[in-house]
Every structure is written in structure tokens, then in C-alpha cells.
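This is structure.cif (mmCIF, C-alpha atoms and all ligand atoms).
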```
data_protein
loop_
_atom_site.label_atom_id
_atom_site.label_comp_id
_atom_site.auth_asym_id
_atom_site.auth_seq_id
_atom_site.Cartn_x
_atom_site.Cartn_y
_atom_site.Cartn_z
CA MET A 1 28.60 166.76 272.78
CA ARG A 2 28.22 169.51 270.23
CA GLY A 3 27.41 168.89 266.62
CA ARG A 4 25.58 170.01 263.53
CA VAL A 5 22.45 168.49 262.04
CA ILE A 6 23.43 167.28 258.57
CA ALA A 7 20.25 165.42 257.68
CA ALA A 8 16.65 165.84 258.69
CA HIS A 9 13.84 163.49 257.88
CA GLY A 10 10.64 163.91 259.87
CA ARG A 11 11.57 163.54 263.53
CA GLN A 12 14.84 161.80 262.75
CA TYR A 13 18.13 163.54 262.38
CA ILE A 14 21.76 162.80 261.76
CA VAL A 15 24.14 164.85 263.80
CA GLU A 16 27.78 165.27 262.88
CA ALA A 17 29.85 165.79 266.00
CA GLU A 18 32.85 168.11 266.04
CA ASP A 19 35.17 165.12 265.64
CA GLY A 20 33.35 164.09 262.46
CA GLN A 21 31.46 161.17 263.98
CA ARG A 22 27.86 160.86 262.70
CA LEU A 23 25.03 159.74 264.90
CA PRO A 24 21.29 159.24 264.28
CA CYS A 25 19.42 161.33 266.84
CA PHE A 26 15.90 162.06 268.02
CA PRO A 27 14.83 165.32 269.58
CA ARG A 28 13.87 165.29 273.24
CA GLY A 29 10.15 165.83 273.66
CA LYS A 30 7.33 165.49 271.17
CA LYS A 31 7.66 168.64 269.13
CA SER A 32 10.38 168.50 266.59
CA GLU A 33 11.74 171.95 265.87
CA VAL A 34 15.14 170.90 264.68
CA ALA A 35 16.26 171.80 261.17
CA CYS A 36 19.05 170.68 258.91
CA GLY A 37 21.97 173.02 259.56
CA ASP A 38 21.19 173.48 263.25
CA ASP A 39 24.01 173.50 265.77
CA VAL A 40 22.94 171.28 268.64
CA GLU A 41 23.98 169.72 271.93
CA ILE A 42 23.44 165.98 272.04
CA THR A 43 23.72 163.14 274.50
CA GLN A 44 24.73 159.76 273.19
CA SER A 45 22.14 157.29 274.51
CA SER A 46 23.55 154.11 272.95
CA ALA A 47 26.32 153.07 270.59
CA ASP A 48 24.31 154.12 267.58
CA GLN A 49 21.82 156.65 268.82
CA GLY A 50 21.64 160.03 270.48
CA VAL A 51 19.21 162.59 271.81
CA ILE A 52 19.17 166.25 270.82
CA ASP A 53 19.04 168.21 274.06
CA THR A 54 19.41 171.79 272.90
CA ILE A 55 19.28 173.77 269.68
CA LEU A 56 21.93 176.49 269.82
CA PRO A 57 20.96 180.03 268.73
CA ARG A 58 20.41 180.32 264.98
CA ARG A 59 21.61 183.09 262.72
CA SER A 60 18.78 182.38 260.29
CA LEU A 61 15.92 179.98 259.79
CA LEU A 62 14.26 179.38 256.48
CA TYR A 63 10.81 177.91 256.63
CA ARG A 64 7.54 177.61 254.87
CA SER A 65 4.14 177.06 256.34
CA ASN A 66 0.46 176.75 255.69
CA GLU A 67 -2.44 177.37 258.07
CA ILE A 68 -1.88 174.07 259.80
CA ARG A 69 1.81 173.62 260.27
CA GLN A 70 5.23 174.88 259.43
CA LYS A 71 8.09 173.05 257.84
CA LEU A 72 11.62 174.02 258.66
CA ILE A 73 13.73 174.00 255.54
CA ALA A 74 17.17 174.84 256.90
CA ALA A 75 18.90 176.74 259.69
CA ASN A 76 22.02 178.92 259.77
CA VAL A 77 22.08 179.50 256.05
CA ASP A 78 23.63 182.58 254.43
CA GLN A 79 22.31 182.09 250.94
CA LEU A 80 19.23 180.73 249.23
CA VAL A 81 19.88 179.30 245.79
CA VAL A 82 16.67 179.00 243.79
CA VAL A 83 17.03 176.67 240.84
CA VAL A 84 14.78 177.32 237.86
CA ALA A 85 15.14 176.04 234.32
CA SER A 86 14.33 176.76 230.73
CA GLU A 87 12.22 173.60 230.71
CA PRO A 88 9.80 172.58 232.19
CA ALA A 89 8.28 176.02 232.74
CA PHE A 90 8.74 177.33 236.24
CA SER A 91 6.40 179.25 238.50
CA ASP A 92 7.19 182.95 239.12
CA ASP A 93 4.85 182.78 242.06
CA LEU A 94 6.89 180.04 243.70
CA VAL A 95 10.16 181.88 243.08
CA THR A 96 8.72 185.06 244.58
CA ARG A 97 7.52 183.13 247.63
CA ALA A 98 10.97 181.64 248.17
CA LEU A 99 12.52 185.13 247.82
CA ILE A 100 10.05 186.54 250.36
CA ALA A 101 11.01 183.82 252.83
CA ALA A 102 14.69 184.67 252.31
CA GLU A 103 14.18 188.45 252.56
CA SER A 104 12.31 188.05 255.82
CA GLU A 105 15.33 186.27 257.31
CA ASP A 106 17.95 188.51 255.66
CA ILE A 107 19.30 185.62 253.63
CA GLU A 108 21.08 186.44 250.35
CA VAL A 109 19.54 185.12 247.17
CA LEU A 110 20.99 183.64 244.01
CA ILE A 111 18.73 182.49 241.19
CA VAL A 112 20.21 179.77 239.01
CA LEU A 113 18.71 179.46 235.55
CA ASN A 114 19.61 175.92 234.59
CA LYS A 115 19.53 174.05 231.26
CA CYS A 116 20.87 176.99 229.29
CA ASP A 117 22.03 174.40 226.73
CA LEU A 118 18.36 174.21 225.66
CA THR A 119 18.78 177.42 223.72
CA GLU A 120 15.36 177.50 222.10
CA GLN A 121 13.58 177.47 225.43
CA MET A 122 15.80 180.13 226.94
CA SER A 123 14.02 183.26 225.74
CA THR A 124 10.84 182.60 227.70
CA ALA A 125 12.81 181.69 230.81
CA ARG A 126 14.95 184.81 230.46
CA ARG A 127 11.85 186.99 230.26
CA GLN A 128 10.83 185.52 233.59
CA THR A 129 14.23 185.88 235.28
CA ALA A 130 14.58 189.44 233.93
CA ILE A 131 11.86 190.52 236.35
CA PHE A 132 13.95 189.29 239.26
CA ALA A 133 17.18 190.70 237.81
CA ALA A 134 15.52 194.12 237.56
CA LEU A 135 14.85 193.91 241.30
CA GLY A 136 18.55 193.41 241.94
CA TYR A 137 18.59 189.64 242.42
CA ARG A 138 21.61 187.87 241.00
CA ILE A 139 20.94 185.44 238.16
CA LEU A 140 23.42 182.77 237.15
CA GLU A 141 22.79 180.94 233.91
CA LEU A 142 24.35 177.52 233.60
CA SER A 143 23.91 173.98 232.43
CA ALA A 144 24.09 171.44 235.23
CA LEU A 145 24.82 168.77 232.61
CA ARG A 146 27.73 170.59 230.98
CA HIS A 147 29.22 173.09 233.42
CA ALA A 148 27.82 172.75 236.92
CA GLU A 149 31.17 174.00 238.21
CA ASP A 150 30.08 177.56 237.36
CA LEU A 151 28.08 177.50 240.57
CA ARG A 152 30.95 176.56 242.89
CA PRO A 153 32.56 180.03 243.28
CA HIS A 154 29.16 181.39 244.37
CA LEU A 155 29.01 178.88 247.20
CA GLN A 156 32.47 179.69 248.55
CA GLY A 157 32.65 180.53 252.25
CA LYS A 158 28.90 180.23 252.83
CA THR A 159 26.21 177.83 253.85
CA SER A 160 23.74 177.74 250.98
CA VAL A 161 20.43 176.00 250.64
CA LEU A 162 19.19 174.80 247.27
CA VAL A 163 15.50 174.88 246.52
CA GLY A 164 13.59 174.29 243.33
CA GLN A 165 10.51 172.80 241.80
CA SER A 166 10.71 169.24 240.64
CA GLY A 167 12.47 168.76 237.32
CA MET A 168 14.59 171.93 237.42
CA GLY A 169 17.79 169.89 237.72
CA LYS A 170 18.60 170.31 241.38
CA SER A 171 19.77 166.72 241.83
CA THR A 172 21.87 166.91 238.66
CA LEU A 173 23.56 169.99 240.06
CA VAL A 174 24.20 168.49 243.50
CA ASN A 175 25.56 165.26 242.05
CA ALA A 176 27.90 167.15 239.75
CA LEU A 177 29.28 169.38 242.50
CA ILE A 178 29.44 166.69 245.17
CA PRO A 179 30.42 163.38 243.58
CA GLU A 180 29.86 161.49 246.81
CA ALA A 181 26.32 162.89 247.21
CA ARG A 182 24.55 159.81 245.88
CA ALA A 183 26.43 157.49 248.19
CA ALA A 184 25.97 159.87 251.13
CA THR A 185 22.24 160.06 250.47
CA ARG A 186 21.99 156.28 250.40
CA GLU A 187 23.93 156.01 253.61
CA ILE A 188 21.77 158.61 255.31
CA SER A 189 18.59 156.89 254.14
CA GLN A 190 19.80 153.65 255.65
CA ALA A 191 20.84 155.30 258.90
CA LEU A 192 17.49 157.03 259.15
CA ASP A 193 15.80 153.81 258.14
CA SER A 194 13.43 155.78 255.97
CA GLY A 195 13.29 153.24 253.18
CA LYS A 196 11.62 155.96 251.15
CA HIS A 197 12.65 157.92 248.11
CA THR A 198 16.01 159.42 248.88
CA THR A 199 15.20 163.07 248.31
CA THR A 200 12.49 163.42 250.93
CA HIS A 201 14.90 164.81 253.48
CA ALA A 202 17.19 167.80 253.68
CA THR A 203 20.88 166.98 253.60
CA LEU A 204 23.94 169.11 254.29
CA TYR A 205 27.09 168.46 252.25
CA HIS A 206 30.51 169.93 252.89
CA LEU A 207 32.11 171.54 249.85
CA ASP A 208 35.18 172.53 251.85
CA ALA A 209 35.92 173.52 255.45
CA ASP A 210 33.75 176.64 255.29
CA SER A 211 31.44 176.08 252.35
CA HIS A 212 28.36 173.93 252.80
CA LEU A 213 25.38 173.10 250.64
CA ILE A 214 22.00 171.98 251.91
CA ASP A 215 19.84 170.12 249.44
CA SER A 216 16.19 170.38 250.40
CA PRO A 217 13.22 168.40 249.14
CA GLY A 218 11.48 169.65 245.98
CA LEU A 219 9.15 172.55 246.47
CA GLN A 220 5.68 172.23 245.08
CA GLU A 221 4.26 174.81 247.42
CA PHE A 222 5.75 177.49 249.54
CA GLY A 223 3.28 178.78 252.12
CA LEU A 224 4.19 181.87 254.09
CA GLY A 225 1.45 181.75 256.74
CA HIS A 226 4.04 182.57 259.40
CA LEU A 227 4.58 186.09 258.07
CA ASP A 228 2.19 188.94 258.82
CA ARG A 229 1.11 191.51 256.25
CA ASN A 230 3.75 194.07 257.22
CA GLU A 231 6.51 191.52 256.95
CA ILE A 232 5.25 190.39 253.56
CA GLU A 233 4.99 193.95 252.21
CA TYR A 234 8.49 194.75 253.34
CA ALA A 235 9.91 191.58 251.83
CA PHE A 236 8.82 192.79 248.38
CA ARG A 237 11.84 195.03 247.93
CA GLU A 238 10.28 197.13 245.17
CA PHE A 239 7.34 198.04 247.45
CA ARG A 240 9.58 199.69 250.04
CA PRO A 241 9.80 203.18 248.48
CA PHE A 242 5.99 203.37 248.47
CA LEU A 243 5.22 201.94 251.89
CA GLY A 244 4.04 204.51 254.39
CA ASN A 245 2.75 206.84 251.67
CA CYS A 246 -0.80 205.49 251.45
CA ARG A 247 -3.60 207.58 252.96
CA PHE A 248 -4.42 204.86 255.48
CA ARG A 249 -1.73 203.49 257.70
CA ASP A 250 -3.23 200.02 257.52
CA CYS A 251 -3.84 200.19 253.76
CA ARG A 252 -3.97 196.70 252.24
CA HIS A 253 -3.35 198.21 248.80
CA ASP A 254 -6.64 196.76 247.61
CA ARG A 255 -9.28 199.36 246.77
CA GLU A 256 -8.51 201.96 249.42
CA PRO A 257 -8.51 205.59 248.23
CA ASP A 258 -5.10 207.27 247.81
CA CYS A 259 -3.11 204.07 247.93
CA ALA A 260 0.51 204.73 246.98
CA LEU A 261 1.14 201.25 245.65
CA ARG A 262 -1.69 200.93 243.12
CA PRO A 263 -0.47 203.74 240.84
CA ALA A 264 3.00 202.11 240.89
CA VAL A 265 1.41 198.88 239.69
CA ASP A 266 -0.62 200.70 237.05
CA SER A 267 2.43 202.54 235.73
CA GLY A 268 4.54 199.39 235.65
CA LYS A 269 6.96 200.38 238.43
CA ILE A 270 5.74 197.31 240.25
CA GLU A 271 5.41 194.17 238.18
CA LYS A 272 1.83 192.86 237.99
CA SER A 273 2.81 189.23 238.62
CA ARG A 274 4.61 190.22 241.82
CA PHE A 275 1.66 192.29 242.97
CA ALA A 276 -0.61 189.31 242.25
CA THR A 277 1.57 187.11 244.46
CA TYR A 278 1.44 189.76 247.19
CA ARG A 279 -2.36 189.74 246.99
CA ARG A 280 -2.54 185.98 247.26
CA LEU A 281 -0.15 185.99 250.20
CA VAL A 282 -2.24 188.45 252.18
CA GLY A 283 -5.52 186.74 251.32
CA LEU A 284 -6.92 189.16 248.74
CA ASN A 285 -8.52 186.72 246.37
CA THR A 286 -10.26 189.00 243.91
CA PRO A 287 -8.57 189.82 240.61
CA ILE A 288 -6.43 192.98 240.55
N1 LIG B 301 19.33 169.66 228.86
C1 LIG B 301 19.56 169.67 230.16
N2 LIG B 301 18.91 168.81 230.95
C2 LIG B 301 19.17 168.84 232.27
C3 LIG B 301 20.11 169.74 232.83
N3 LIG B 301 20.12 169.55 234.17
C4 LIG B 301 19.23 168.57 234.41
N4 LIG B 301 18.65 168.13 233.28
C5 LIG B 301 17.65 167.06 233.13
O1 LIG B 301 16.45 167.48 233.73
C6 LIG B 301 15.77 166.36 234.31
C7 LIG B 301 15.47 166.65 235.76
O2 LIG B 301 16.68 166.75 236.48
P1 LIG B 301 16.83 166.39 238.01
O3 LIG B 301 18.20 166.74 238.43
O4 LIG B 301 16.34 165.03 238.29
O5 LIG B 301 15.77 167.43 238.61
P2 LIG B 301 15.40 167.76 240.10
O6 LIG B 301 15.21 169.22 240.13
O7 LIG B 301 16.32 167.15 241.05
O8 LIG B 301 13.97 167.12 240.19
P3 LIG B 301 13.36 166.19 241.34
O9 LIG B 301 14.28 165.05 241.50
O10 LIG B 301 12.03 165.84 240.80
O11 LIG B 301 13.29 167.11 242.55
C8 LIG B 301 16.71 165.17 234.12
O12 LIG B 301 16.27 164.45 233.01
C9 LIG B 301 18.06 165.81 233.86
O13 LIG B 301 18.91 165.04 233.08
C10 LIG B 301 20.80 170.64 231.95
O14 LIG B 301 21.63 171.45 232.33
N5 LIG B 301 20.48 170.55 230.64
ZN ZN B 302 -1.89 201.20 249.82
#
```
How would this structure read if it were set down as C-alpha cells?
Amino acid sequence: MRGRVIAAHGRQYIVEAEDGQRLPCFPRGKKSEVACGDDVEITQSSADQGVIDTILPRRSLLYRSNEIRQKLIAANVDQLVVVVASEPAFSDDLVTRALIAAESEDIEVLIVLNKCDLTEQMSTARRQTAIFAALGYRILELSALRHAEDLRPHLQGKTSVLVGQSGMGKSTLVNALIPEARAATREISQALDSGKHTTTHATLYHLDADSHLIDSPGLQEFGLGHLDRNEIEYAFREFRPFLGNCRFRDCRHDREPDCALRPAVDSGKIEKSRFATYRRLVGLNTPI
């Protein structure tokens, strides 16, 4: 049978078959490399359980990693929606990391600045999002409490994955756009027998026949250990015009002579906070 993974929690998955039937499934073998959003072939092993035999080719895979292991966030997504808010303060570093992960998989990006009803806190948040807007990333300001619907047209015809730090309003947004989300999450938790807090797994919701939204667990860290230095450099879109112009081909843009990137940082063409994230990502731990 063919189906799509609509919920992932550890090594347990729920697969929705083409006829709409949903079945809890385990992957064959020990290593679990299945992600929410994957198209899979399954074999039904009992009335209420199946085995995932094959993962069909993916058009994209979003993941994060540290030195020890990698966590698959979602597969076959077209768009990454990063939710930030006017309050509590959000981390530019985390946003940049999520954008780097998306760039490296050619996934479109939309940044949602939520809680725009908290007008007093908006100016600081806007200063932060302006950096990303200047790089060409789309920013959508909204209030999940008052007009979450503003997001819907941006999700049309795509599979999107929502990520965000805790407290940014991701759940509020999902619950407003998908009224049955709470019930679905409960049902999935029961089926997966997780008994844990309901947002620890990634879940795919259908908005319409060709628009889908994957809600992923809160992001407190976003390691990119799976990317090498060249991939990381390239994923910083504003670095691209300068790459290849340093004296040394393997320039790390640290203290090498005739580096093409450093003057761009010094003159403000490259934002310092972005360059700082780049340095952390490639393991340069000294101050700029
Ligand atoms: N003023 C205002 N508050 C909001 C808005 N959206 C969400 N909140 C509040 O922000 C708090 C956090 O919202 P959640 O939706 O639980 O945040 P979350 O990002 O899902 O956080 P986790 O569940 O920790 O991952 C709640 O108290 C919400 O009511 C908004 O548009 N305006
Ligand atoms: Zn350089």
C-alpha cells in the first residue's frame, strides 16, 4: 500500500493511505529515517498496525543535527514558515539557522511576525525582521489571535512546515487555521500511545486537497552539523557575490589576508549578526 506519513513521534508513525485510512506504523529495521511528510510503501501487519517498507524519493528534506545525531523535521516540503513574535524576544541566530537549513534544500521561506497587536513591542521585532527582509525574505505580520486567516493564502497549493521557538504562537496559529487540529493531535497521541505532551511530534494537516501544513515541535536549538563549510557559506545568500574572490580558495573568512568577505562585513554590506552566526556554524569561536 502507498501512503503518506502524517505524524512522526520517535520511531512511531501514522501513515495515511491513499484511500484515507490511517494506520500506526513502525519502520522496518532499527534505524528510523522516516520523516513526517514522507511518501512510503507499507505492509499492513495486523488490523491496527503496519510496517514501513520503503521511503519513496523525496523532493526535499528539512533537518537539523548536532555532532551526535540528526533529527528529521519534515520531508517533501515546499515552504518553511518561521514564526517569530514581538514578545517574547526571538533569536536572530535561530532564525538564520532555520533559513540556512531551508536554503540548503531549496525550500522557500516565509517569516511570520506574530502578535502584531502588541504594538509597543513591535518596533524592536521589526528591527530584527528588517534584516531578513533586506535579504529578500518575505515577512508577513499578523496576529494569530485576531486574524490568523492572513496566513492561509500563503499556504495555498504547497506543503509548508511551521517552525518556531516556544511561545511565538505557533499552536495558536495552527488551531485557528485548522479547527480540528486539537482533536486530531489528541487522536494521534492516543494512536501513537505516547501519553506525552501533545506537541512533541510533527503532524501534517490538510488545508485542502493540495495545501498541507506540518506542525513541528518547538525549536530551542537548530544544529547544522550535517552541512559542510561550503554549503553553509552558500546558504548565506548575501555572501554569494563575494565568494570566490578571497585570496585563498579555502579562506574561512577569519583572519586570512585579502579576504573578500571581511571588508563587506566592515562596511555593513553583510550584517554583523549574520556573520557571527556563520562563524559559530563553522566553528570559529573567537569574537569577530
Ligand atoms: N497578544 C497576542 N498573544 C498571542 C498571539 N498569538 C499567541 N499569543 C499568546 O502567546 C502565548 C504562546 O502561544 P502558543 O500558541 O502557545 O505558542 P507556541 O509557539 O505554540 O509555544 P509552545 O507551545 O511553547 O511551542 C499564548 O499565551 C498565546 O495566547 C497574538 O497574536 N497576540
Ligand atoms: Zn574570505
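Neighbouring residues of A:Ser86 at 8 Å or closer, counting all atoms listed in the file and skipping chain neighbours under 5 positions away, are A:Leu113, A:Asn114, A:Lys115, A:Cys116, A:Leu118, A:Gln121, A:Met122, A:Thr124, A:Ala125.
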(request) Find the distance between atom CA of A:Pro241 and atom CA of A:Leu224 and write it in Å to one decimal. (result)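 Answer for the atom CA of A:Pro241 to atom CA of A:Leu224 separation: 22.7 Å.
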Distance limit 7 Å, reference ligand LIG 301 (chain B), atoms considered: all atoms listed in the file. Which residues make the cut? Give them as a PDB file with C-alpha atoms, keeping the file's coordinate frame.
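Saved file pocket_5.pdb follows:
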```pdb
ATOM      1  CA  ASN A 114      19.610 175.920 234.590  1.00  0.00           C
ATOM      2  CA  LYS A 115      19.530 174.050 231.260  1.00  0.00           C
ATOM      3  CA  CYS A 116      20.870 176.990 229.290  1.00  0.00           C
ATOM      4  CA  ASP A 117      22.030 174.400 226.730  1.00  0.00           C
ATOM      5  CA  LEU A 118      18.360 174.210 225.660  1.00  0.00           C
ATOM      6  CA  LEU A 142      24.350 177.520 233.600  1.00  0.00           C
ATOM      7  CA  SER A 143      23.910 173.980 232.430  1.00  0.00           C
ATOM      8  CA  ALA A 144      24.090 171.440 235.230  1.00  0.00           C
ATOM      9  CA  LEU A 145      24.820 168.770 232.610  1.00  0.00           C
ATOM     10  CA  ARG A 146      27.730 170.590 230.980  1.00  0.00           C
ATOM     11  CA  GLY A 164      13.590 174.290 243.330  1.00  0.00           C
ATOM     12  CA  GLN A 165      10.510 172.800 241.800  1.00  0.00           C
ATOM     13  CA  SER A 166      10.710 169.240 240.640  1.00  0.00           C
ATOM     14  CA  GLY A 167      12.470 168.760 237.320  1.00  0.00           C
ATOM     15  CA  MET A 168      14.590 171.930 237.420  1.00  0.00           C
ATOM     16  CA  GLY A 169      17.790 169.890 237.720  1.00  0.00           C
ATOM     17  CA  LYS A 170      18.600 170.310 241.380  1.00  0.00           C
ATOM     18  CA  SER A 171      19.770 166.720 241.830  1.00  0.00           C
ATOM     19  CA  THR A 172      21.870 166.910 238.660  1.00  0.00           C
ATOM     20  CA  LEU A 173      23.560 169.990 240.060  1.00  0.00           C
ATOM     21  CA  PRO A 217      13.220 168.400 249.140  1.00  0.00           C
ATOM     22  CA  GLY A 218      11.480 169.650 245.980  1.00  0.00           C
TER      23      GLY A 218
END
```
List as JSON lines every residue of chain A that is in contact with ligand ZN 302 (chain B), defined as an atom at most 8 Å from one of its atoms (using only C-alpha atoms and all ligand atoms), together with the nearest atom pair and the distance in Å rounded to one decimal, sorted by chain and then rising number.
```
{"residue": "A:Leu243", "atom": "CA", "partner": "B:ZN302", "partner_atom": "ZN", "distance": 7.4}
{"residue": "A:Asn245", "atom": "CA", "partner": "B:ZN302", "partner_atom": "ZN", "distance": 7.5}
{"residue": "A:Cys246", "atom": "CA", "partner": "B:ZN302", "partner_atom": "ZN", "distance": 4.7}
{"residue": "A:Arg247", "atom": "CA", "partner": "B:ZN302", "partner_atom": "ZN", "distance": 7.3}
{"residue": "A:Phe248", "atom": "CA", "partner": "B:ZN302", "partner_atom": "ZN", "distance": 7.2}
{"residue": "A:Asp250", "atom": "CA", "partner": "B:ZN302", "partner_atom": "ZN", "distance": 7.9}
{"residue": "A:Cys251", "atom": "CA", "partner": "B:ZN302", "partner_atom": "ZN", "distance": 4.5}
{"residue": "A:Arg252", "atom": "CA", "partner": "B:ZN302", "partner_atom": "ZN", "distance": 5.5}
{"residue": "A:His253", "atom": "CA", "partner": "B:ZN302", "partner_atom": "ZN", "distance": 3.5}
{"residue": "A:Asp254", "atom": "CA", "partner": "B:ZN302", "partner_atom": "ZN", "distance": 6.9}
{"residue": "A:Glu256", "atom": "CA", "partner": "B:ZN302", "partner_atom": "ZN", "distance": 6.7}
{"residue": "A:Asp258", "atom": "CA", "partner": "B:ZN302", "partner_atom": "ZN", "distance": 7.2}
{"residue": "A:Cys259", "atom": "CA", "partner": "B:ZN302", "partner_atom": "ZN", "distance": 3.6}
{"residue": "A:Ala260", "atom": "CA", "partner": "B:ZN302", "partner_atom": "ZN", "distance": 5.1}
{"residue": "A:Leu261", "atom": "CA", "partner": "B:ZN302", "partner_atom": "ZN", "distance": 5.2}
{"residue": "A:Arg262", "atom": "CA", "partner": "B:ZN302", "partner_atom": "ZN", "distance": 6.7}
```
For A:Lys158, please output as a compact mmCIF listing (two decimals) with C-alpha atoms, in the frame of the given file all residues within 9 Å (counting only C-alpha atoms; exclusion window: fewer than 5 positions along the same chain).
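This is the output file out-v3.txt:
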```
# COMPACT_ATOMS: atom_id res chain seq x y z
CA VAL A 77 22.08 179.50 256.05
CA ASP A 78 23.63 182.58 254.43
CA GLN A 79 22.31 182.09 250.94
CA ASP A 210 33.75 176.64 255.29
CA SER A 211 31.44 176.08 252.35
CA HIS A 212 28.36 173.93 252.80
CA LEU A 213 25.38 173.10 250.64
```
(message) Using Å and a single decimal, report how far atom CA of A:Ala98 sits from atom CA of A:Thr277.
(response)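 Atom-to-atom, atom CA of A:Thr277 to atom CA of A:Ala98, that is 11.5 Å.
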(request) Find the residue from A:Gly3, A:Gly20, A:Pro179, A:Pro263 that sits nearest to A:Ile42; use all atoms listed in the file when measuring. (result)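 Looking at the shortest contact to A:Ile42, the residue is A:Gly3.
Distances here use only C-alpha atoms; by that measure, the residue among A:Leu23, A:Asp92, A:Ser46, A:Lys272 closest to A:Phe132 is A:Asp92.
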(message) What does the structure give for the distance between atom CA of A:Val95 and atom CA of A:Ala184, in Å to one decimal?
(response) 28.3 Å
(message) Restricting the calculation to only C-alpha atoms: of A:Ala101, A:Val83, A:Ala176, A:Ile188, which residue gets closest to A:Leu162?
(response) A:Val83
(request) Return the single residue from A:Gln190, A:Gln21, A:Ser216, A:Thr185 that is closest to A:Ala47, with distances computed using only C-alpha atoms. (result)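 Smallest separation from A:Ala47 among the options: A:Gln21.
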(message) I'd like the neighbourhood of stretch 102-106 of chain A as a PyMOL selection string, where a residue qualifies if any of its atoms comes within 12 Å (using all atoms listed in the file), though same-chain residues fewer than 2 positions away should be ignored.
(response) chain A and resi 58-64+73-82+95-100+108-110+137+160-163+222+224+226-237
(request) Using all atoms listed in the file, give me every residue within 12 Å of (29.0, 181.0, 240.2) in file coordinates, as JSON, numbers by chain. (result) {"A": [81, 110, 111, 112, 113, 138, 139, 140, 141, 142, 143, 144, 147, 148, 149, 150, 151, 152, 153, 154, 155, 156, 177]}
(message) List the spatial neighbours of stretch 13-18 of chain A as a list of chain:residue names - criterion: any atom at most 7 Å away, all atoms listed in the file, same-chain residues fewer than 5 positions off excluded.
(response) A:Met1, A:Arg2, A:Gly3, A:Arg4, A:Val5, A:Ile6, A:Ala7, A:Ala8, A:Leu23, A:Pro24, A:Cys25, A:Phe26
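Closest to A:Ser273 among A:Gly244, A:Ala133, A:Gln128, A:Ala209 is A:Gln128, based on all atoms listed in the file.
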(request) Measuring atom to atom with all atoms listed in the file, identify which of A:Ile131, A:Arg22, A:Ile68, A:Arg255 is nearest to A:Thr286. (result)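 The answer is A:Arg255, which sits nearest to A:Thr286.
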Would you mind putting back N, CA and C atoms on stretch 54-71 of chain A, then writing it out as an mmCIF file, in the frame of the given file?
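This is the output file out-v3.cif:
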```
data_model
loop_
_atom_site.group_PDB
_atom_site.id
_atom_site.type_symbol
_atom_site.label_atom_id
_atom_site.label_comp_id
_atom_site.auth_asym_id
_atom_site.auth_seq_id
_atom_site.Cartn_x
_atom_site.Cartn_y
_atom_site.Cartn_z
ATOM 1 N N THR A 54 19.554 170.342 273.059
ATOM 2 C CA THR A 54 19.410 171.790 272.900
ATOM 3 C C THR A 54 19.719 172.202 271.460
ATOM 4 N N ILE A 55 18.943 173.148 270.961
ATOM 5 C CA ILE A 55 19.280 173.770 269.680
ATOM 6 C C ILE A 55 19.990 175.076 270.023
ATOM 7 N N LEU A 56 21.181 175.266 269.529
ATOM 8 C CA LEU A 56 21.930 176.490 269.820
ATOM 9 C C LEU A 56 21.354 177.643 268.991
ATOM 10 N N PRO A 57 21.558 178.879 269.443
ATOM 11 C CA PRO A 57 20.960 180.030 268.730
ATOM 12 C C PRO A 57 21.293 180.013 267.239
ATOM 13 N N ARG A 58 20.257 180.362 266.441
ATOM 14 C CA ARG A 58 20.410 180.320 264.980
ATOM 15 C C ARG A 58 20.682 181.706 264.430
ATOM 16 N N ARG A 59 21.451 181.781 263.359
ATOM 17 C CA ARG A 59 21.610 183.090 262.720
ATOM 18 C C ARG A 59 20.550 183.300 261.640
ATOM 19 N N SER A 60 19.919 182.233 261.201
ATOM 20 C CA SER A 60 18.780 182.380 260.290
ATOM 21 C C SER A 60 18.000 181.069 260.296
ATOM 22 N N LEU A 61 16.747 181.178 259.902
ATOM 23 C CA LEU A 61 15.920 179.980 259.790
ATOM 24 C C LEU A 61 14.983 180.170 258.614
ATOM 25 N N LEU A 62 15.116 179.279 257.656
ATOM 26 C CA LEU A 62 14.260 179.380 256.480
ATOM 27 C C LEU A 62 13.138 178.374 256.650
ATOM 28 N N TYR A 63 11.905 178.867 256.569
ATOM 29 C CA TYR A 63 10.810 177.910 256.630
ATOM 30 C C TYR A 63 9.620 178.323 255.809
ATOM 31 N N ARG A 64 8.787 177.343 255.571
ATOM 32 C CA ARG A 64 7.540 177.610 254.870
ATOM 33 C C ARG A 64 6.432 177.055 255.732
ATOM 34 N N SER A 65 5.221 177.498 255.489
ATOM 35 C CA SER A 65 4.140 177.060 256.340
ATOM 36 C C SER A 65 2.815 177.192 255.624
ATOM 37 N N ASN A 66 1.833 176.474 256.127
ATOM 38 C CA ASN A 66 0.460 176.750 255.690
ATOM 39 C C ASN A 66 -0.339 177.038 256.960
ATOM 40 N N GLU A 67 -1.649 177.016 256.888
ATOM 41 C CA GLU A 67 -2.440 177.370 258.070
ATOM 42 C C GLU A 67 -2.221 176.360 259.185
ATOM 43 N N ILE A 68 -1.901 175.139 258.808
ATOM 44 C CA ILE A 68 -1.880 174.070 259.800
ATOM 45 C C ILE A 68 -0.513 173.895 260.453
ATOM 46 N N ARG A 69 0.507 173.870 259.649
ATOM 47 C CA ARG A 69 1.810 173.620 260.270
ATOM 48 C C ARG A 69 2.928 174.280 259.494
ATOM 49 N N GLN A 70 4.078 174.310 260.124
ATOM 50 C CA GLN A 70 5.230 174.880 259.430
ATOM 51 C C GLN A 70 6.303 173.827 259.243
ATOM 52 N N LYS A 71 7.019 173.982 258.157
ATOM 53 C CA LYS A 71 8.090 173.050 257.840
ATOM 54 C C LYS A 71 9.397 173.813 257.831
#
```
